[in-house]
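Visitor: One file is attached below, start19.pdb, containing PDB, C-alpha atoms.
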ATOM      1  CA  MET A  19      46.041  27.621   7.208
ATOM      2  CA  TYR A  20      45.694  24.451   9.298
ATOM      3  CA  LEU A  21      42.114  25.434  10.215
ATOM      4  CA  LEU A  22      41.234  25.863   6.533
ATOM      5  CA  PHE A  23      42.832  22.527   5.650
ATOM      6  CA  PHE A  24      40.923  20.592   8.328
ATOM      7  CA  SER A  25      37.660  22.357   7.432
ATOM      8  CA  LEU A  26      38.042  21.278   3.799
ATOM      9  CA  LEU A  27      38.935  17.745   4.891
ATOM     10  CA  LEU A  28      35.797  17.572   7.068
ATOM     11  CA  LEU A  29      33.567  18.796   4.228
ATOM     12  CA  HIS A  30      35.111  16.222   1.858
ATOM     13  CA  THR A  31      34.485  13.413   4.370
ATOM     14  CA  LEU A  32      30.849  14.441   4.893
ATOM     15  CA  PHE A  33      30.281  14.659   1.134
ATOM     16  CA  CYS A  34      31.767  11.206   0.505
ATOM     17  CA  THR A  35      29.702   9.644   3.307
ATOM     18  CA  ALA A  36      26.468  11.129   1.943
ATOM     19  CA  PHE A  37      27.357  10.027  -1.595
ATOM     20  CA  ILE A  38      28.002   6.425  -0.520
ATOM     21  CA  LYS A  39      24.717   6.284   1.393
ATOM     22  CA  GLN A  40      22.834   7.632  -1.631
ATOM     23  CA  GLN A  41      24.477   5.080  -3.927
ATOM     24  CA  ARG A  42      23.376   2.274  -1.623
ATOM     25  CA  LEU A  43      19.804   3.562  -1.681
ATOM     26  CA  GLU A  44      19.798   3.826  -5.468
ATOM     27  CA  ASN A  45      20.869   0.187  -5.763
ATOM     28  CA  VAL A  46      17.648  -0.930  -4.077
ATOM     29  CA  PRO A  47      15.103  -1.762  -6.820
ATOM     30  CA  ALA A  48      12.137   0.611  -6.692
ATOM     31  CA  CYS A  49       9.769  -2.217  -7.602
ATOM     32  CA  SER A  50      10.882  -4.433  -4.730
ATOM     33  CA  PRO A  51       8.101  -5.663  -2.436
ATOM     34  CA  VAL A  52       8.098  -4.413   1.123
ATOM     35  CA  ILE A  53      10.025  -6.757   3.406
ATOM     36  CA  ILE A  54       8.783  -6.577   6.972
ATOM     37  CA  ILE A  55      10.097  -8.764   9.752
ATOM     38  CA  ARG A  56       7.654  -8.827  12.641
ATOM     39  CA  SER A  57       9.272  -8.291  16.004
ATOM     40  CA  SER A  58       8.034  -7.938  19.538
ATOM     41  CA  PRO A  59       5.326  -5.222  19.789
ATOM     42  CA  GLN A  60       6.543  -1.915  21.165
ATOM     43  CA  THR A  61       5.382  -1.623  24.775
ATOM     44  CA  ILE A  62       4.221   1.603  26.384
ATOM     45  CA  GLU A  63       7.279   1.590  28.650
ATOM     46  CA  GLU A  64       9.546   1.458  25.583
ATOM     47  CA  ASN A  65       7.892   4.556  24.125
ATOM     48  CA  GLU A  66       7.312   6.850  27.102
ATOM     49  CA  ALA A  67       8.666   9.949  25.358
ATOM     50  CA  THR A  68       6.188  10.003  22.459
ATOM     51  CA  THR A  69       2.470   9.937  21.720
ATOM     52  CA  ARG A  70       1.139   7.999  18.732
ATOM     53  CA  TYR A  71      -1.462   9.460  16.377
ATOM     54  CA  ARG A  72      -3.452   7.765  13.643
ATOM     55  CA  ALA A  73      -5.412   9.009  10.643
ATOM     56  CA  ARG A  74      -7.030   8.026   7.382
ATOM     57  CA  ILE A  75      -5.729   9.319   4.093
ATOM     58  CA  ALA A  76      -7.195   9.541   0.622
ATOM     59  CA  TYR A  77      -5.163  10.161  -2.490
ATOM     60  CA  ASP A  78      -5.189  10.207  -6.258
ATOM     61  CA  GLY A  79      -2.228   7.995  -7.060
ATOM     62  CA  ALA A  80      -1.873   9.039 -10.717
ATOM     63  CA  GLY A  81       1.091  11.325 -10.050
ATOM     64  CA  TYR A  82       2.932   9.121  -7.541
ATOM     65  CA  LYS A  83       5.300   6.148  -7.595
ATOM     66  CA  GLY A  84       3.170   4.355  -5.023
ATOM     67  CA  PHE A  85       2.816   4.798  -1.270
ATOM     68  CA  GLN A  86       6.200   3.643   0.016
ATOM     69  CA  ILE A  87       8.968   6.221   0.241
ATOM     70  CA  GLN A  88      11.752   5.824  -2.357
ATOM     71  CA  PRO A  89      14.863   7.902  -2.982
ATOM     72  CA  ARG A  90      14.308  10.780  -5.434
ATOM     73  CA  ARG A  91      10.789   9.581  -6.295
ATOM     74  CA  ASN A  92       7.432  11.206  -5.693
ATOM     75  CA  THR A  93       5.530   9.007  -3.197
ATOM     76  CA  ILE A  94       2.597   9.366  -0.808
ATOM     77  CA  GLN A  95       4.615   8.429   2.276
ATOM     78  CA  GLY A  96       7.335  10.841   1.194
ATOM     79  CA  GLU A  97       4.867  13.731   0.907
ATOM     80  CA  LEU A  98       3.321  12.957   4.302
ATOM     81  CA  GLU A  99       6.688  12.756   6.044
ATOM     82  CA  LYS A 100       7.884  15.945   4.355
ATOM     83  CA  VAL A 101       4.853  17.934   5.482
ATOM     84  CA  LEU A 102       4.874  16.569   9.040
ATOM     85  CA  SER A 103       8.609  17.195   9.376
ATOM     86  CA  GLN A 104       8.185  20.763   8.110
ATOM     87  CA  ARG A 105       5.295  21.367  10.493
ATOM     88  CA  PHE A 106       7.205  20.184  13.584
ATOM     89  CA  GLN A 107      10.755  21.076  12.461
ATOM     90  CA  ARG A 108      12.020  17.573  13.183
ATOM     91  CA  SER A 109      11.998  14.225  11.400
ATOM     92  CA  VAL A 110       8.604  12.461  11.590
ATOM     93  CA  ARG A 111       8.259   8.894  10.310
ATOM     94  CA  VAL A 112       4.917   7.682   8.887
ATOM     95  CA  LEU A 113       3.834   4.029   8.734
ATOM     96  CA  GLY A 114       0.948   2.925   6.513
ATOM     97  CA  ALA A 115      -1.343  -0.079   6.718
ATOM     98  CA  GLY A 116       0.120  -1.334   3.464
ATOM     99  CA  ARG A 117       1.729  -0.354   0.206
ATOM    100  CA  THR A 118      -0.099   0.706  -2.945
ATOM    101  CA  ASP A 119       1.684   0.557  -6.308
ATOM    102  CA  THR A 120       2.418   3.320  -8.776
ATOM    103  CA  GLY A 121      -0.834   4.874 -10.002
ATOM    104  CA  VAL A 122      -3.073   3.123  -7.447
ATOM    105  CA  HIS A 123      -5.516   5.257  -5.439
ATOM    106  CA  ALA A 124      -6.891   5.170  -1.890
ATOM    107  CA  ARG A 125      -9.933   6.471  -0.064
ATOM    108  CA  GLY A 126      -9.365   4.866   3.329
ATOM    109  CA  GLN A 127      -5.678   4.083   3.736
ATOM    110  CA  ALA A 128      -4.614   4.142   7.410
ATOM    111  CA  ILE A 129      -1.415   5.605   8.845
ATOM    112  CA  HIS A 130       0.208   6.331  12.195
ATOM    113  CA  PHE A 131       3.073   8.523  13.361
ATOM    114  CA  ASP A 132       4.715   9.432  16.675
ATOM    115  CA  LEU A 133       5.260  12.912  18.126
ATOM    116  CA  GLU A 134       7.002  14.023  21.286
ATOM    117  CA  LYS A 135       4.677  14.201  24.262
ATOM    118  CA  GLY A 136       3.294  17.677  24.901
ATOM    119  CA  LEU A 137       3.393  18.912  21.305
ATOM    120  CA  ILE A 138      -0.405  18.516  21.108
ATOM    121  CA  SER A 139      -2.256  19.146  24.355
ATOM    122  CA  SER A 140      -5.958  19.175  23.373
ATOM    123  CA  GLN A 141      -8.514  17.894  20.883
ATOM    124  CA  GLU A 142      -8.855  21.431  19.568
ATOM    125  CA  GLU A 143      -5.150  21.536  18.742
ATOM    126  CA  LEU A 144      -5.481  18.158  17.008
ATOM    127  CA  GLY A 145      -8.237  19.583  14.823
ATOM    128  CA  LYS A 146      -6.085  22.577  13.967
ATOM    129  CA  LEU A 147      -3.211  20.239  13.081
ATOM    130  CA  GLU A 148      -5.421  18.273  10.672
ATOM    131  CA  TYR A 149      -6.486  21.542   9.039
ATOM    132  CA  SER A 150      -2.925  22.856   8.709
ATOM    133  CA  LEU A 151      -1.586  19.562   7.328
ATOM    134  CA  ASN A 152      -4.231  19.548   4.600
ATOM    135  CA  ARG A 153      -3.313  23.130   3.725
ATOM    136  CA  MET A 154       0.328  22.050   3.368
ATOM    137  CA  LEU A 155      -0.320  18.818   1.449
ATOM    138  CA  LYS A 156      -0.734  18.746  -2.313
ATOM    139  CA  PRO A 157      -4.388  18.834  -3.477
ATOM    140  CA  ASP A 158      -4.307  15.152  -4.524
ATOM    141  CA  ILE A 159      -3.635  13.964  -0.934
ATOM    142  CA  ARG A 160      -5.983  14.524   1.991
ATOM    143  CA  LEU A 161      -5.765  13.456   5.638
ATOM    144  CA  TYR A 162      -8.858  12.962   7.813
ATOM    145  CA  ASN A 163     -10.011  11.448  11.129
ATOM    146  CA  LEU A 164      -6.779  12.461  12.854
ATOM    147  CA  GLN A 165      -6.844  11.221  16.459
ATOM    148  CA  GLN A 166      -4.656   9.857  19.218
ATOM    149  CA  ALA A 167      -4.072   6.141  18.705
ATOM    150  CA  PRO A 168      -5.364   3.818  21.431
ATOM    151  CA  ILE A 169      -3.323   1.523  23.635
ATOM    152  CA  VAL A 170      -4.079  -2.132  22.883
ATOM    153  CA  THR A 171      -3.562  -5.276  24.940
ATOM    154  CA  LYS A 172      -1.927  -8.248  23.231
ATOM    155  CA  MET A 173      -0.591 -11.634  24.181
ATOM    156  CA  TRP A 174       3.104 -12.066  23.367
ATOM    157  CA  ASN A 175       4.936 -15.283  24.268
ATOM    158  CA  GLY A 176       2.156 -16.122  26.713
ATOM    159  CA  GLU A 177       2.405 -12.742  28.415
ATOM    160  CA  GLU A 178      -0.210  -9.979  28.305
ATOM    161  CA  ARG A 179       1.318  -6.674  27.232
ATOM    162  CA  LYS A 180       0.025  -3.158  26.640
ATOM    163  CA  VAL A 181       1.383  -1.987  23.294
ATOM    164  CA  GLN A 182       1.112   0.877  20.839
ATOM    165  CA  TRP A 183      -1.629   0.546  18.218
ATOM    166  CA  SER A 184      -0.175  -0.056  14.747
ATOM    167  CA  ALA A 185      -1.751   0.843  11.397
ATOM    168  CA  MET A 186      -0.016  -2.175   9.862
ATOM    169  CA  TYR A 187      -0.002  -4.928  12.475
ATOM    170  CA  ASP A 188      -3.505  -4.319  13.867
ATOM    171  CA  SER A 189      -5.337  -4.404  10.535
ATOM    172  CA  ILE A 190      -7.648  -7.393  10.084
ATOM    173  CA  GLY A 191      -8.710  -6.870   6.475
ATOM    174  CA  LYS A 192      -8.818  -4.590   3.457
ATOM    175  CA  LEU A 193     -11.436  -3.626   0.907
ATOM    176  CA  TYR A 194     -10.180  -2.982  -2.613
ATOM    177  CA  THR A 195     -12.228  -1.958  -5.631
ATOM    178  CA  TYR A 196     -11.318  -2.271  -9.289
ATOM    179  CA  ARG A 197     -13.284  -0.231 -11.833
ATOM    180  CA  ILE A 198     -13.728  -1.124 -15.486
ATOM    181  CA  SER A 199     -15.666   0.159 -18.483
ATOM    182  CA  VAL A 200     -16.820  -2.235 -21.215
ATOM    183  CA  GLY A 201     -18.657   0.318 -23.378
ATOM    184  CA  LYS A 202     -17.543   1.602 -26.757
ATOM    185  CA  SER A 203     -16.684   5.046 -25.424
ATOM    186  CA  MET A 204     -15.657   5.693 -21.810
ATOM    187  CA  ASN A 205     -15.892   9.193 -20.383
ATOM    188  CA  PRO A 206     -12.280  10.483 -20.592
ATOM    189  CA  ILE A 207     -12.669  12.156 -17.193
ATOM    190  CA  GLU A 208     -12.539   8.642 -15.684
ATOM    191  CA  ARG A 209      -9.334   7.588 -17.452
ATOM    192  CA  HIS A 210      -7.265   7.921 -14.250
ATOM    193  CA  ASN A 211      -9.509   5.702 -12.114
ATOM    194  CA  ARG A 212     -11.065   3.155 -14.475
ATOM    195  CA  TYR A 213      -9.705   0.569 -16.919
ATOM    196  CA  ASP A 214     -11.158   1.090 -20.402
ATOM    197  CA  LEU A 215     -11.923  -2.276 -22.037
ATOM    198  CA  TRP A 216     -13.620  -0.869 -25.162
ATOM    199  CA  TRP A 217     -11.466  -3.090 -27.391
ATOM    200  CA  SER A 218     -12.366  -6.357 -25.676
ATOM    201  CA  ASN A 219     -15.359  -8.640 -25.888
ATOM    202  CA  THR A 220     -15.739  -9.118 -22.129
ATOM    203  CA  ASN A 221     -18.274 -11.741 -21.102
ATOM    204  CA  LEU A 222     -19.580 -10.285 -17.844
ATOM    205  CA  LYS A 223     -21.311 -13.495 -16.737
ATOM    206  CA  ASP A 224     -18.045 -15.382 -17.146
ATOM    207  CA  LEU A 225     -16.202 -12.639 -15.287
ATOM    208  CA  GLU A 226     -18.618 -12.784 -12.354
ATOM    209  CA  ARG A 227     -18.353 -16.582 -12.157
ATOM    210  CA  ILE A 228     -14.557 -16.599 -12.377
ATOM    211  CA  LEU A 229     -14.193 -13.937  -9.690
ATOM    212  CA  LYS A 230     -16.200 -16.074  -7.260
ATOM    213  CA  HIS A 231     -13.540 -18.797  -7.495
ATOM    214  CA  PHE A 232     -11.184 -16.505  -5.576
ATOM    215  CA  GLU A 233     -13.338 -16.609  -2.446
ATOM    216  CA  GLY A 234     -11.991 -18.648   0.433
ATOM    217  CA  GLU A 235      -8.469 -19.608   1.454
ATOM    218  CA  HIS A 236      -6.011 -20.224  -1.389
ATOM    219  CA  ASP A 237      -2.317 -20.243  -2.123
ATOM    220  CA  PHE A 238      -1.908 -17.124  -4.294
ATOM    221  CA  ARG A 239       1.705 -17.741  -5.330
ATOM    222  CA  ALA A 240       0.718 -17.705  -9.025
ATOM    223  CA  PHE A 241      -0.827 -14.248  -8.503
ATOM    224  CA  ALA A 242       1.970 -12.608  -6.473
ATOM    225  CA  ALA A 243       4.916 -10.726  -7.963
ATOM    226  CA  SER A 244       8.573 -10.852  -6.897
ATOM    227  CA  MET A 245       8.214 -13.826  -4.539
ATOM    228  CA  GLU A 246      11.593 -15.263  -5.543
ATOM    229  CA  GLN A 247      13.260 -11.940  -4.778
ATOM    230  CA  LEU A 248      11.496 -11.693  -1.417
ATOM    231  CA  GLU A 249      12.363 -15.254  -0.388
ATOM    232  CA  LYS A 250      15.978 -14.750  -1.380
ATOM    233  CA  ALA A 251      16.134 -11.685   0.871
ATOM    234  CA  LEU A 252      14.455 -13.533   3.755
ATOM    235  CA  GLY A 253      16.479 -16.689   3.280
ATOM    236  CA  GLY A 254      13.441 -18.972   3.279
ATOM    237  CA  GLU A 255       9.961 -19.639   1.926
ATOM    238  CA  PHE A 256       7.328 -16.922   2.351
ATOM    239  CA  ASN A 257       3.736 -17.847   3.192
ATOM    240  CA  THR A 258       1.537 -17.039   0.176
ATOM    241  CA  ILE A 259      -1.743 -18.397   1.559
ATOM    242  CA  ARG A 260      -4.374 -15.671   1.887
ATOM    243  CA  THR A 261      -8.110 -15.531   2.621
ATOM    244  CA  VAL A 262     -10.529 -13.725   0.311
ATOM    245  CA  HIS A 263     -13.784 -13.070   2.171
ATOM    246  CA  SER A 264     -15.824 -11.950  -0.826
ATOM    247  CA  VAL A 265     -15.550 -10.816  -4.448
ATOM    248  CA  ASN A 266     -18.512  -9.112  -6.105
ATOM    249  CA  LEU A 267     -19.099  -7.581  -9.524
ATOM    250  CA  ILE A 268     -21.237  -4.434  -9.145
ATOM    251  CA  GLU A 269     -22.940  -2.635 -12.043
ATOM    252  CA  GLU A 270     -22.475   1.145 -11.923
ATOM    253  CA  GLY A 271     -24.441   2.103 -15.047
ATOM    254  CA  GLU A 272     -23.464   3.125 -18.585
ATOM    255  CA  GLN A 273     -21.593  -0.180 -19.047
ATOM    256  CA  ARG A 274     -19.322   0.576 -16.117
ATOM    257  CA  TYR A 275     -18.618  -2.037 -13.450
ATOM    258  CA  ARG A 276     -16.840  -2.239 -10.107
ATOM    259  CA  ILE A 277     -15.175  -5.312  -8.614
ATOM    260  CA  ASP A 278     -15.255  -5.305  -4.797
ATOM    261  CA  LEU A 279     -12.606  -7.482  -3.138
ATOM    262  CA  HIS A 280     -12.651  -7.953   0.640
ATOM    263  CA  LEU A 281      -9.580  -9.858   1.830
ATOM    264  CA  SER A 282      -7.548 -10.531   4.929
ATOM    265  CA  GLY A 283      -4.428  -9.163   3.255
ATOM    266  CA  ALA A 284      -2.758  -9.047  -0.138
ATOM    267  CA  LEU A 285       0.619 -10.064  -1.515
ATOM    268  CA  TYR A 286       2.644  -7.780  -3.781
ATOM    269  CA  LYS A 287       0.515  -6.954  -6.876
ATOM    270  CA  MET A 288      -1.842  -9.791  -5.933
ATOM    271  CA  VAL A 289      -5.109  -7.890  -6.507
ATOM    272  CA  ARG A 290      -4.072  -6.545  -9.910
ATOM    273  CA  ASN A 291      -2.911 -10.021 -10.963
ATOM    274  CA  MET A 292      -6.204 -11.526  -9.793
ATOM    275  CA  VAL A 293      -8.226  -9.040 -11.828
ATOM    276  CA  GLY A 294      -5.964  -9.275 -14.887
ATOM    277  CA  THR A 295      -6.173 -13.076 -14.946
ATOM    278  CA  ALA A 296      -9.955 -13.088 -14.448
ATOM    279  CA  LEU A 297     -10.365 -10.582 -17.302
ATOM    280  CA  ASP A 298      -8.279 -12.830 -19.572
ATOM    281  CA  VAL A 299     -10.745 -15.675 -18.954
ATOM    282  CA  ALA A 300     -13.741 -13.375 -19.517
ATOM    283  CA  CYS A 301     -12.196 -12.104 -22.775
ATOM    284  CA  GLY A 302     -11.390 -15.610 -24.049
ATOM    285  CA  ARG A 303      -7.603 -15.339 -23.809
ATOM    286  CA  LEU A 304      -7.309 -17.947 -21.026
ATOM    287  CA  SER A 305      -9.351 -21.090 -20.457
ATOM    288  CA  GLU A 306     -11.199 -21.627 -17.193
ATOM    289  CA  GLU A 307      -9.339 -24.914 -16.799
ATOM    290  CA  ASP A 308      -5.957 -23.159 -16.979
ATOM    291  CA  PHE A 309      -7.203 -20.477 -14.582
ATOM    292  CA  LEU A 310      -8.218 -23.077 -11.985
ATOM    293  CA  ALA A 311      -4.848 -24.806 -12.396
ATOM    294  CA  LEU A 312      -3.189 -21.507 -11.395
ATOM    295  CA  LEU A 313      -5.502 -20.969  -8.446
ATOM    296  CA  ASN A 314      -5.171 -24.549  -7.211
ATOM    297  CA  ARG A 315      -1.413 -24.481  -7.908
ATOM    298  CA  SER A 316      -1.474 -27.578 -10.097
ATOM    299  CA  ASN A 317       2.078 -28.577 -10.992
ATOM    300  CA  ASN A 318       3.328 -26.060  -8.387
ATOM    301  CA  ALA A 319       2.295 -23.033 -10.468
ATOM    302  CA  VAL A 320       4.135 -19.771  -9.739
ATOM    303  CA  ARG A 321       3.823 -16.242 -11.111
ATOM    304  CA  LYS A 322       5.949 -17.100 -14.159
ATOM    305  CA  THR A 323       3.477 -19.883 -14.956
ATOM    306  CA  ASN A 324       0.700 -17.285 -15.103
ATOM    307  CA  LYS A 325       1.036 -15.540 -18.492
ATOM    308  CA  SER A 326      -1.686 -12.974 -17.741
ATOM    309  CA  LYS A 327      -0.571  -9.400 -17.188
ATOM    310  CA  PRO A 328      -1.637  -7.507 -14.069
ATOM    311  CA  ALA A 329      -4.615  -5.220 -14.600
ATOM    312  CA  PRO A 330      -3.475  -1.591 -15.033
ATOM    313  CA  PRO A 331      -3.018   0.326 -11.775
ATOM    314  CA  GLN A 332      -5.425   3.205 -12.445
ATOM    315  CA  GLY A 333      -8.512   1.033 -11.922
ATOM    316  CA  LEU A 334      -7.513  -0.024  -8.402
ATOM    317  CA  THR A 335      -8.450   1.780  -5.185
ATOM    318  CA  LEU A 336      -7.794   0.827  -1.571
ATOM    319  CA  GLU A 337     -11.197   1.737  -0.158
ATOM    320  CA  LYS A 338     -10.797   0.818   3.481
ATOM    321  CA  VAL A 339      -8.577  -0.892   6.036
ATOM    322  CA  TYR A 340     -10.459  -2.756   8.771
ATOM    323  CA  TYR A 341      -9.632  -2.915  12.481
ATOM    324  CA  ASP A 342     -11.252  -4.507  15.520
TER     325      ASP A 342
END
Starting from the coordinates I provided, produce the structure as structure tokens.
Guide:
Amino acid sequence: MYLLFFSLLLLHTLFCTAFIKQQRLENVPACSPVIIIRSSPQTIEENEATTRYRARIAYDGAGYKGFQIQPRRNTIQGELEKVLSQRFQRSVRVLGAGRTDTGVHARGQAIHFDLEKGLISSQEELGKLEYSLNRMLKPDIRLYNLQQAPIVTKMWNGEERKVQWSAMYDSIGKLYTYRISVGKSMNPIERHNRYDLWWSNTNLKDLERILKHFEGEHDFRAFAASMEQLEKALGGEFNTIRTVHSVNLIEEGEQRYRIDLHLSGALYKMVRNMVGTALDVACGRLSEEDFLALLNRSNNAVRKTNKSKPAPPQGLTLEKVYYD
């Protein structure tokens, strides 16, 4: 009788603990930007028990709530961690080079994950792992270029240290593309990866000129979402200055166009807000003068000052993450 009583008490305690943890997770807004506090790089000595691996991933984001794992939501990171954990029968954490929003795609997203030393002993086994992971993943996610991550040397507080390569911290730039159609009738097969602007009167020359204004170093606070929320969580001002190396409007035929954006890094929803605002100017809904006031932060412009909506997610693709 006592054994039964204590067994029931233990089960009740475990259930309550799990329920409380789940409630805490559900109270975190799903649309919150990723908050990352940089700390000292992880040295080789601090990670002697594991080996780090890196890979590229491509995915059709139409059926996912973005890259970052979220409780009870279908995400890219969640699928990757689920498959890796099933394959090795232990929890495997995946870190990506950055977050993509709901409905956004990728061709060259970068990830890394750690496994216990000795689980993979040869290049042949690594190739077999890549094959088996792709067999286990859903058909709209694919992993490629799986390899052991290199050891990198970095200066930290004036001291040279050998550290683990990181998909996030070692990236030096990203290439995004945004696809649009300005014809009267877009091929419906492209509806999940191109923004259909059939209803608008888009001036493509104006669009190309406006996009060029983004090049260079600017304060993109008026093009970044949830900055107030992020700064409240951090307890201070967040740096919103970013460098855009190039922006080009490329014709793809049949009144379809692609916007290529090469930047050092992007703030939360920054690329979609850039494209949405530029399209408003090209469609005559926003003056070029008001656009430049947002970009130059006249009168301390913030996202609320910018009345343009972000461009829809389906047109955006993370094409590549760059590394030295």
Visitor: Taking the file as shown, find all residues satisfying the PyMOL selection byres ((chain A and resi 210) around 8) and write them as a list in words.
Guide: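 Taken over the shown coordinates, the PyMOL selection byres ((chain A and resi 210) around 8) returns Ala80, Ile207, Glu208, Arg209, Asn211, Arg212, Gln332 and Gly333 of chain A.
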Visitor: Go through the shown structure with the PyMOL selection byres ((chain A and resi 322) around 12) and write out the matching residues as a PyMOL selection string.
Guide: chain A and resi 239-246+291+312+318-321+323-327
Visitor: Do you have the CA of Asp188 (chain A)-CA of Lys156 (chain A) distance handy?
Guide: 28.3 Å
Visitor: Just the residues within 8 Å of Arg111 (chain A), please, counting all atoms listed in the file, with nothing from its chain fewer than 4 positions along; format it as an MDAnalysis selection string.
Guide: chainID A and resid 99 131:132
Visitor: Nearest to Asn221 (chain A): which of A:Ile87, A:Gly79, A:Ile129, A:Val299 is it, counting all atoms listed in the file?
Guide: A:Val299
Visitor: Excluding Phe106 (chain A) and its own-chain neighbours fewer than 3 positions away, which residues fall within 10 Å of it when counting all atoms listed in the file? Please give them as a ChimeraX atom specification.
Guide: /A:101-103,109-110,133-134,137
Visitor: Determine the nearest neighbour of Val339 (chain A) from the options A:Leu267, A:Leu193, A:Leu155, A:Lys83, counting all atoms listed in the file.
Guide: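 Smallest separation from Val339 (chain A) among the options: A:Leu193.
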Visitor: Which residue is closest to Ala329 (chain A)? Choose from A:His130, A:Glu249, A:Asn175, A:Val122 and count all atoms listed in the file.
Guide: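 Among A:His130, A:Glu249, A:Asn175, A:Val122, it is A:Val122 that comes nearest to Ala329 (chain A).
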Visitor: Between CA of Tyr187 (chain A) and CA of Arg74 (chain A), measure the distance and give it in Å to one decimal.
Guide: 15.6 Å
Visitor: Hey, can you check how far CA of Lys338 (chain A) sits from CA of Gln127 (chain A)?
Guide: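 We find that CA of Lys338 (chain A) and CA of Gln127 (chain A) lie 6.1 Å from each other.
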Visitor: What do you get, as JSON, numbers by chain, if you spell out every residue that the PyMOL selection byres ((chain A and resi 85) around 12) selects here?
Guide: {"A": [48, 49, 51, 52, 75, 76, 77, 78, 79, 80, 81, 82, 83, 84, 86, 87, 88, 91, 92, 93, 94, 95, 96, 97, 98, 99, 112, 113, 114, 115, 116, 117, 118, 119, 120, 121, 122, 123, 124, 127, 128, 129, 159, 336]}
Visitor: List the neighbours of Leu229 (chain A) out to 10 Å using all atoms listed in the file; skip same-chain residues closer than 5 positions along the sequence, and give me the result as a ChimeraX atom specification.
Guide: /A:224,264-267,277-279,292-293,295-297,300
Visitor: My list of candidates is A:His236, A:Lys192, A:Arg70, A:Arg108. Which is closest to Leu164 (chain A) when distances are computed with only C-alpha atoms?
Guide: A:Arg70
Visitor: As AutoDock Vina command-line options, what would the box around region 231-235 of chain A look like: edges along x, y and z, 5 Å added on every side, centre and edge lengths in Å to one decimal?
Guide:
--center_x -11.0 --center_y -18.1 --center_z -3.0 --size_x 15.1 --size_y 13.1 --size_z 18.9
Visitor: Name the closest residue to Phe232 (chain A) among the candidates A:Asn314, A:Thr335, A:Gln165, A:Gln273; distances are taken between atoms, counting all atoms listed in the file.
Guide: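 The shortest atom-to-atom distance to Phe232 (chain A) comes from A:Asn314.
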Visitor: List as a ChimeraX atom specification the protein and nucleic acid residues near Ser218 (chain A), meaning an atom at most 10 Å away when only C-alpha atoms are counted, but skip any in the same chain fewer than 6 places from it.
Guide: /A:200-202,297-298,300-302
Visitor: Here is a test: counting only C-alpha atoms, which residue of A:Lys172, A:Lys135, A:Arg125, A:Arg105 is nearest to Tyr149 (chain A)?
Guide: A:Arg105
Visitor: Could you give me, as a PyMOL selection string, the residues that sit within 9 Å of (-1.6, 0.7, 16.2) in the file's coordinates, counting only C-alpha atoms?
Guide: chain A and resi 70-72+129-130+167-170+181-189
